Amino acid sequence: MTTLNNLAVAILGFAIIAGAHRADAGAKDYEFQPVSIEVRNGAQSDVGVRLVDKRTGKPVEGAVIFRTRLDMSPDTMDEMTAKHEAAPSNEPGVYRFKADFTMAGRWALKLQAKVPGEPDTIAGTVVFNAR
Ligand SMILES: [Cu+2]
């Protein structure tokens with residue numbers, strides 16, 4: 001009986017670790033990538049990111065991007081932000097924005113998103129070069 005209990009505890013422990021590992025791996029299975037690193041410096045500039053499932057290499061459709069920030073942290077100007085808004089996209093897994101860049105240099109677009117079937121929040125940072 002003691003042996004069985006120990007076995008049950010061991011199995012339960014393994015299940016918890018496996019479950020935690022799976023949940024942890026979930027968000028890491030996705031990656032935001034730039035459609036083009038080079039973007040135009042100025043108002044209403046086109047910025048695009050592609051959300052990819054790294055397990056399959058396929059674009060992920062239907063993501064809900066619920067938080068974004070665009071700042072110059074890559075050029076050590078963390079407080080310098082740029083206004084931006086979501087824009088239509090006709091390419092599956094590609095999410096577009098119109099951004100008002102005010103300075104040439106590197107800008108980080110930081111995103112948080114939910115994707116269908118994935119309980120974890122997907123977070124990513126994509127760096128663009130405005131010129
Ligand atoms: Cu700046």
# chains A, B, ... in the order shown; residues from 1 in each chain; ligands from 1
$ residues_around --residues "Arg40 in chain A" --least-positions-apart "4" --cutoff "8 Å" --atoms "only C-alpha atoms" --output "ChimeraX atom specification"
/A:45-46,130-131
$ write_last_selection --atoms "N, CA, C and O atoms" --output "short mmCIF file (atom, residue, chain, number, x, y, z; two decimals), in the first residue's frame"
data_model
loop_
_atom_site.label_atom_id
_atom_site.label_comp_id
_atom_site.auth_asym_id
_atom_site.auth_seq_id
_atom_site.Cartn_x
_atom_site.Cartn_y
_atom_site.Cartn_z
N SER A 45 3.60 55.64 -41.40
CA SER A 45 4.54 54.69 -41.98
C SER A 45 4.02 53.27 -41.79
O SER A 45 3.46 52.93 -40.75
N ASP A 46 4.22 52.44 -42.79
CA ASP A 46 3.73 51.05 -42.73
C ASP A 46 4.70 50.17 -41.95
O ASP A 46 5.89 50.12 -42.25
N ALA A 130 14.01 52.76 -38.76
CA ALA A 130 13.34 53.84 -39.50
C ALA A 130 14.40 54.72 -40.15
O ALA A 130 15.36 55.15 -39.51
N ARG A 131 14.23 54.99 -41.44
CA ARG A 131 15.22 55.81 -42.15
C ARG A 131 14.58 56.52 -43.34
O ARG A 131 13.48 56.23 -43.72
#
$ select_by_dssp --residues "chain A" --states "strand (DSSP E)" --output "PyMOL selection string"
chain A and resi 30-34+38-39+45-53+58-59+64-72+77-81+84-87+94-99+105-114+122-130
$ residues_near_ligand --ligand "ligand 1" --cutoff "9 Å" --atoms "only C-alpha atoms and all ligand atoms" --output "list of chain:residue names"
A:Asp71, A:Met72, A:Ser73, A:Asp75, A:Thr76, A:Met77, A:Asp78, A:Glu79, A:Met80, A:Thr81, A:Thr102, A:Met103, A:Ala104, A:Gly105, A:Arg106, A:Trp107
$ residues_around --residues "Val52 in chain A" --least-positions-apart "3" --cutoff "12 Å" --atoms "only C-alpha atoms" --output "PyMOL selection string"
chain A and resi 27-35+49+55-63+92-95+115+122+124
$ select_by_dssp --residues "range 9-124 of chain A" --states "alpha helix (DSSP H)" --output "list in words"
Val9, Ala10, Ile11, Leu12, Gly13, Phe14, Ala15, Ile16, Ile17, Ala18, Gly19, Ala20, His21, Arg22, Ala23, Asp24, Ala25, Gly26, Ala27 and Lys28 of chain A
$ atom_distance --atom1 "CA of Val47 in chain A" --atom2 "CA of Pro116 in chain A"
23.4 Å
$ closest_residue --among "A:Lys110, A:Glu118, A:Gly48, A:Val39" --to "Glu91 in chain A" --atoms "only C-alpha atoms"
A:Gly48
$ residues_around --residues "Ala99 in chain A" --least-positions-apart "6" --cutoff "9 Å" --atoms "only C-alpha atoms" --output "VMD selection string"
chain A and resid 42 to 47 70 82 to 86
$ residues_around --residues "Ile65 in chain A" --least-positions-apart "2" --cutoff "7 Å" --atoms "only C-alpha atoms" --output "list in words"
Ala63, Arg67, Leu111, Gln112, Ala113 and Lys114 of chain A
